[in-house]
file coords_32.cif (mmCIF, N, CA and C atoms)
data_my_file
#
loop_
_atom_site.label_atom_id
_atom_site.label_comp_id
_atom_site.auth_asym_id
_atom_site.auth_seq_id
_atom_site.Cartn_x
_atom_site.Cartn_y
_atom_site.Cartn_z
N MET A 614 181.32 123.62 -64.90
CA MET A 614 180.87 123.98 -66.22
C MET A 614 180.00 122.86 -66.75
N ILE A 615 178.85 123.23 -67.30
CA ILE A 615 177.91 122.24 -67.84
C ILE A 615 177.53 122.64 -69.26
N ASN A 616 177.54 121.64 -70.15
CA ASN A 616 177.11 121.84 -71.53
C ASN A 616 175.59 121.67 -71.58
N ILE A 617 174.87 122.72 -71.99
CA ILE A 617 173.41 122.65 -71.98
C ILE A 617 172.86 121.80 -73.13
N CYS A 618 173.66 121.46 -74.10
CA CYS A 618 173.20 120.63 -75.22
C CYS A 618 172.97 119.18 -74.81
N ASP A 619 173.86 118.66 -73.94
CA ASP A 619 173.72 117.26 -73.51
C ASP A 619 173.73 117.10 -71.99
N CYS A 620 173.70 118.21 -71.26
CA CYS A 620 173.69 118.23 -69.79
C CYS A 620 174.91 117.54 -69.19
N ARG A 621 176.01 117.52 -69.92
CA ARG A 621 177.23 116.87 -69.45
C ARG A 621 178.06 117.84 -68.61
N ARG A 622 178.54 117.38 -67.48
CA ARG A 622 179.42 118.18 -66.63
C ARG A 622 180.83 118.08 -67.19
N LEU A 623 181.42 119.21 -67.52
CA LEU A 623 182.75 119.23 -68.13
C LEU A 623 183.85 119.34 -67.08
N GLY A 624 183.57 119.94 -65.96
CA GLY A 624 184.57 120.11 -64.92
C GLY A 624 184.71 121.58 -64.55
N TYR A 625 185.82 121.91 -63.93
CA TYR A 625 186.08 123.26 -63.46
C TYR A 625 187.03 123.98 -64.40
N VAL A 626 186.88 125.28 -64.51
CA VAL A 626 187.78 126.09 -65.34
C VAL A 626 189.15 126.08 -64.69
N GLY A 627 190.15 125.66 -65.48
CA GLY A 627 191.52 125.59 -64.98
C GLY A 627 192.37 126.75 -65.43
N ASP A 628 191.97 127.38 -66.54
CA ASP A 628 192.77 128.48 -67.09
C ASP A 628 191.87 129.31 -67.99
N VAL A 629 192.31 130.52 -68.25
CA VAL A 629 191.58 131.45 -69.12
C VAL A 629 192.57 132.01 -70.13
N ASP A 630 192.15 132.07 -71.38
CA ASP A 630 192.98 132.61 -72.46
C ASP A 630 192.47 134.01 -72.79
N PHE A 631 193.34 135.03 -72.65
CA PHE A 631 192.99 136.41 -72.92
C PHE A 631 193.64 136.90 -74.20
N ASP A 632 193.04 137.88 -74.85
CA ASP A 632 193.67 138.61 -75.94
C ASP A 632 194.50 139.72 -75.30
N PRO A 633 195.82 139.70 -75.45
CA PRO A 633 196.65 140.69 -74.76
C PRO A 633 196.41 142.13 -75.23
N LYS A 634 195.93 142.30 -76.44
CA LYS A 634 195.71 143.66 -76.96
C LYS A 634 194.43 144.28 -76.41
N THR A 635 193.37 143.48 -76.31
CA THR A 635 192.08 144.02 -75.88
C THR A 635 191.74 143.70 -74.43
N GLY A 636 192.38 142.67 -73.88
CA GLY A 636 192.07 142.25 -72.52
C GLY A 636 190.80 141.41 -72.43
N CYS A 637 190.23 141.04 -73.57
CA CYS A 637 189.00 140.24 -73.60
C CYS A 637 189.30 138.75 -73.46
N VAL A 638 188.38 138.04 -72.83
CA VAL A 638 188.50 136.59 -72.68
C VAL A 638 188.21 135.94 -74.04
N ILE A 639 189.09 135.03 -74.47
CA ILE A 639 188.91 134.32 -75.74
C ILE A 639 188.41 132.90 -75.50
N HIS A 640 189.06 132.19 -74.57
CA HIS A 640 188.72 130.80 -74.29
C HIS A 640 188.73 130.53 -72.79
N LEU A 641 187.92 129.57 -72.38
CA LEU A 641 188.00 128.99 -71.06
C LEU A 641 188.57 127.59 -71.24
N ILE A 642 189.55 127.23 -70.44
CA ILE A 642 190.22 125.94 -70.59
C ILE A 642 189.88 125.07 -69.39
N VAL A 643 189.32 123.90 -69.69
CA VAL A 643 188.88 122.96 -68.67
C VAL A 643 189.70 121.68 -68.81
N PRO A 644 190.43 121.29 -67.75
CA PRO A 644 191.17 120.03 -67.83
C PRO A 644 190.21 118.86 -68.04
N GLY A 645 190.58 117.94 -68.90
CA GLY A 645 189.77 116.76 -69.17
C GLY A 645 189.94 115.71 -68.09
N PRO A 646 189.32 114.55 -68.27
CA PRO A 646 189.45 113.48 -67.29
C PRO A 646 190.89 113.00 -67.19
N GLY A 647 191.30 112.59 -65.99
CA GLY A 647 192.66 112.13 -65.77
C GLY A 647 192.89 110.72 -66.29
N CYS A 648 194.15 110.37 -66.44
CA CYS A 648 194.55 109.03 -66.84
C CYS A 648 194.80 108.22 -65.57
N LEU A 649 194.27 107.01 -65.52
CA LEU A 649 194.46 106.13 -64.37
C LEU A 649 194.18 106.87 -63.06
N CYS A 650 192.96 107.32 -62.92
CA CYS A 650 192.50 108.01 -61.71
C CYS A 650 193.27 109.31 -61.44
N GLY A 651 193.78 109.94 -62.47
CA GLY A 651 194.47 111.21 -62.32
C GLY A 651 195.91 111.11 -61.88
N ILE A 652 196.44 109.89 -61.74
CA ILE A 652 197.79 109.72 -61.24
C ILE A 652 198.83 110.24 -62.24
N PHE A 653 198.62 109.98 -63.51
CA PHE A 653 199.60 110.33 -64.52
C PHE A 653 199.22 111.57 -65.32
N GLY A 654 198.49 112.48 -64.73
CA GLY A 654 198.13 113.71 -65.40
C GLY A 654 196.91 113.55 -66.28
N ARG A 655 196.79 114.42 -67.26
CA ARG A 655 195.62 114.44 -68.11
C ARG A 655 196.03 114.34 -69.57
N GLU A 656 195.21 113.62 -70.34
CA GLU A 656 195.48 113.46 -71.76
C GLU A 656 194.95 114.62 -72.58
N LYS A 657 193.74 115.07 -72.25
CA LYS A 657 193.09 116.09 -73.06
C LYS A 657 192.55 117.19 -72.18
N GLU A 658 192.26 118.32 -72.82
CA GLU A 658 191.58 119.41 -72.15
C GLU A 658 190.54 119.96 -73.12
N TYR A 659 189.54 120.64 -72.56
CA TYR A 659 188.53 121.28 -73.39
C TYR A 659 188.87 122.75 -73.49
N VAL A 660 188.94 123.26 -74.72
CA VAL A 660 189.18 124.67 -74.97
C VAL A 660 187.86 125.24 -75.47
N ILE A 661 187.15 125.93 -74.58
CA ILE A 661 185.81 126.40 -74.84
C ILE A 661 185.85 127.86 -75.27
N PRO A 662 185.37 128.19 -76.47
CA PRO A 662 185.33 129.59 -76.88
C PRO A 662 184.39 130.38 -75.97
N PHE A 663 184.79 131.58 -75.62
CA PHE A 663 183.98 132.37 -74.69
C PHE A 663 182.61 132.69 -75.29
N CYS A 664 182.50 132.72 -76.61
CA CYS A 664 181.20 132.98 -77.23
C CYS A 664 180.20 131.85 -76.99
N ALA A 665 180.66 130.68 -76.54
CA ALA A 665 179.77 129.55 -76.24
C ALA A 665 179.18 129.64 -74.84
N VAL A 666 179.68 130.57 -74.01
CA VAL A 666 179.17 130.74 -72.65
C VAL A 666 177.79 131.36 -72.74
N ARG A 667 176.83 130.73 -72.07
CA ARG A 667 175.45 131.23 -72.08
C ARG A 667 175.08 131.92 -70.78
N GLN A 668 175.63 131.45 -69.66
CA GLN A 668 175.32 132.08 -68.39
C GLN A 668 176.41 131.76 -67.38
N ILE A 669 176.75 132.75 -66.57
CA ILE A 669 177.73 132.56 -65.51
C ILE A 669 177.04 132.84 -64.19
N GLY A 670 177.03 131.85 -63.31
CA GLY A 670 176.42 131.99 -62.00
C GLY A 670 177.47 131.98 -60.91
N ASP A 671 177.02 131.96 -59.66
CA ASP A 671 177.93 131.96 -58.52
C ASP A 671 178.81 130.72 -58.49
N ASP A 672 178.24 129.57 -58.87
CA ASP A 672 179.00 128.32 -58.77
C ASP A 672 178.90 127.45 -60.01
N ILE A 673 178.40 127.99 -61.11
CA ILE A 673 178.26 127.19 -62.33
C ILE A 673 178.35 128.09 -63.57
N ILE A 674 178.90 127.52 -64.62
CA ILE A 674 178.95 128.19 -65.92
C ILE A 674 178.24 127.29 -66.91
N LEU A 675 177.28 127.83 -67.63
CA LEU A 675 176.56 127.07 -68.66
C LEU A 675 177.11 127.44 -70.02
N VAL A 676 177.47 126.42 -70.81
CA VAL A 676 177.97 126.63 -72.16
C VAL A 676 177.10 125.84 -73.13
N GLU A 677 177.09 126.28 -74.38
CA GLU A 677 176.32 125.59 -75.42
C GLU A 677 177.27 125.15 -76.52
N ILE A 678 177.55 123.84 -76.53
CA ILE A 678 178.46 123.27 -77.51
C ILE A 678 177.80 122.04 -78.11
N ALA A 679 177.48 122.11 -79.41
CA ALA A 679 176.81 121.00 -80.08
C ALA A 679 177.74 119.80 -80.23
N LYS A 680 178.99 120.04 -80.62
CA LYS A 680 179.95 118.95 -80.83
C LYS A 680 181.12 119.13 -79.87
N LEU A 681 181.01 118.55 -78.70
CA LEU A 681 182.03 118.68 -77.67
C LEU A 681 183.37 118.12 -78.13
N LYS A 682 183.34 117.10 -78.96
CA LYS A 682 184.57 116.47 -79.46
C LYS A 682 185.46 117.49 -80.17
N ASP A 683 184.84 118.48 -80.83
CA ASP A 683 185.60 119.51 -81.53
C ASP A 683 186.36 120.44 -80.58
N MET A 684 185.98 120.46 -79.31
CA MET A 684 186.60 121.33 -78.33
C MET A 684 187.77 120.67 -77.62
N GLU A 685 187.98 119.35 -77.84
CA GLU A 685 189.07 118.64 -77.18
C GLU A 685 190.40 118.99 -77.83
N LYS A 686 191.39 119.13 -76.98
CA LYS A 686 192.74 119.41 -77.44
C LYS A 686 193.69 118.59 -76.60
N SER A 687 194.69 117.99 -77.22
CA SER A 687 195.66 117.19 -76.47
C SER A 687 196.51 118.11 -75.61
N CYS A 688 196.76 117.67 -74.39
CA CYS A 688 197.62 118.44 -73.48
C CYS A 688 199.07 118.33 -73.95
N PRO A 689 199.82 119.41 -73.88
CA PRO A 689 201.22 119.34 -74.32
C PRO A 689 202.07 118.43 -73.46
N CYS A 690 201.66 118.22 -72.21
CA CYS A 690 202.48 117.39 -71.33
C CYS A 690 202.03 115.93 -71.34
N GLY A 691 200.92 115.63 -72.02
CA GLY A 691 200.36 114.28 -71.98
C GLY A 691 200.76 113.40 -73.07
#

call {"tool": "encode", "arguments": {"input": "coords_32.cif", "output": "structure tokens"}}
result
Amino acid sequence: MINICDCRRLGYVGDVDFDPKTGCVIHLIVPGPGCLCGIFGREKEYVIPFCAVRQIGDDIILVEIAKLKDMEKSCPCG
């Protein structure tokens, strides 16, 4: 996943949040950078609203997020 606003690579989609009533995708969840080389898990994750997705390709997803910091969420296990 790449943010087209700053060309930053966010990582791979780790989970998808669906609306159980409609079956529509609400968010794409991307694990953030690991702590101490990934040994102790992850501190944060990016919760990307599906409306921010601009294009989905075979091996890449382009999203448009002006303020990436607003998409960070602390992991419950971190």

call {"tool": "closest_residue", "arguments": {"input": "coords_32.cif", "among": "A:Gly624, A:Ile615, A:Val676, A:Gln668", "to": "Gly645 in chain A", "atoms": "only C-alpha atoms"}}
result
A:Gly624

call {"tool": "residues_around", "arguments": {"input": "coords_32.cif", "residues": "range 629-642 of chain A", "least_positions_apart": "4", "cutoff": "8 Å", "atoms": "all atoms listed in the file", "output": "PyMOL selection string"}}
result
chain A and resi 624-625+658-664

call {"tool": "axis_aligned_box", "arguments": {"input": "coords_32.cif", "around": "range 671-675 of chain A", "padding_each_side": "4 Å", "output": "AutoDock Vina command-line options"}}
result
--center_x 177.8 --center_y 129.5 --center_z -64.3 --size_x 10.4 --size_y 12.9 --size_z 19.5

call {"tool": "atom_distance", "arguments": {"input": "coords_32.cif", "atom1": "atom N of Leu675 in chain A", "atom2": "CA of Arg621 in chain A"}}
result
11.1 Å

call {"tool": "atom_distance", "arguments": {"input": "coords_32.cif", "atom1": "atom N of Arg667 in chain A", "atom2": "CA of Ile617 in chain A"}}
result
8.8 Å

call {"tool": "atom_distance", "arguments": {"input": "coords_32.cif", "atom1": "CA of Val666 in chain A", "atom2": "atom C of Pro644 in chain A"}}
result
16.9 Å
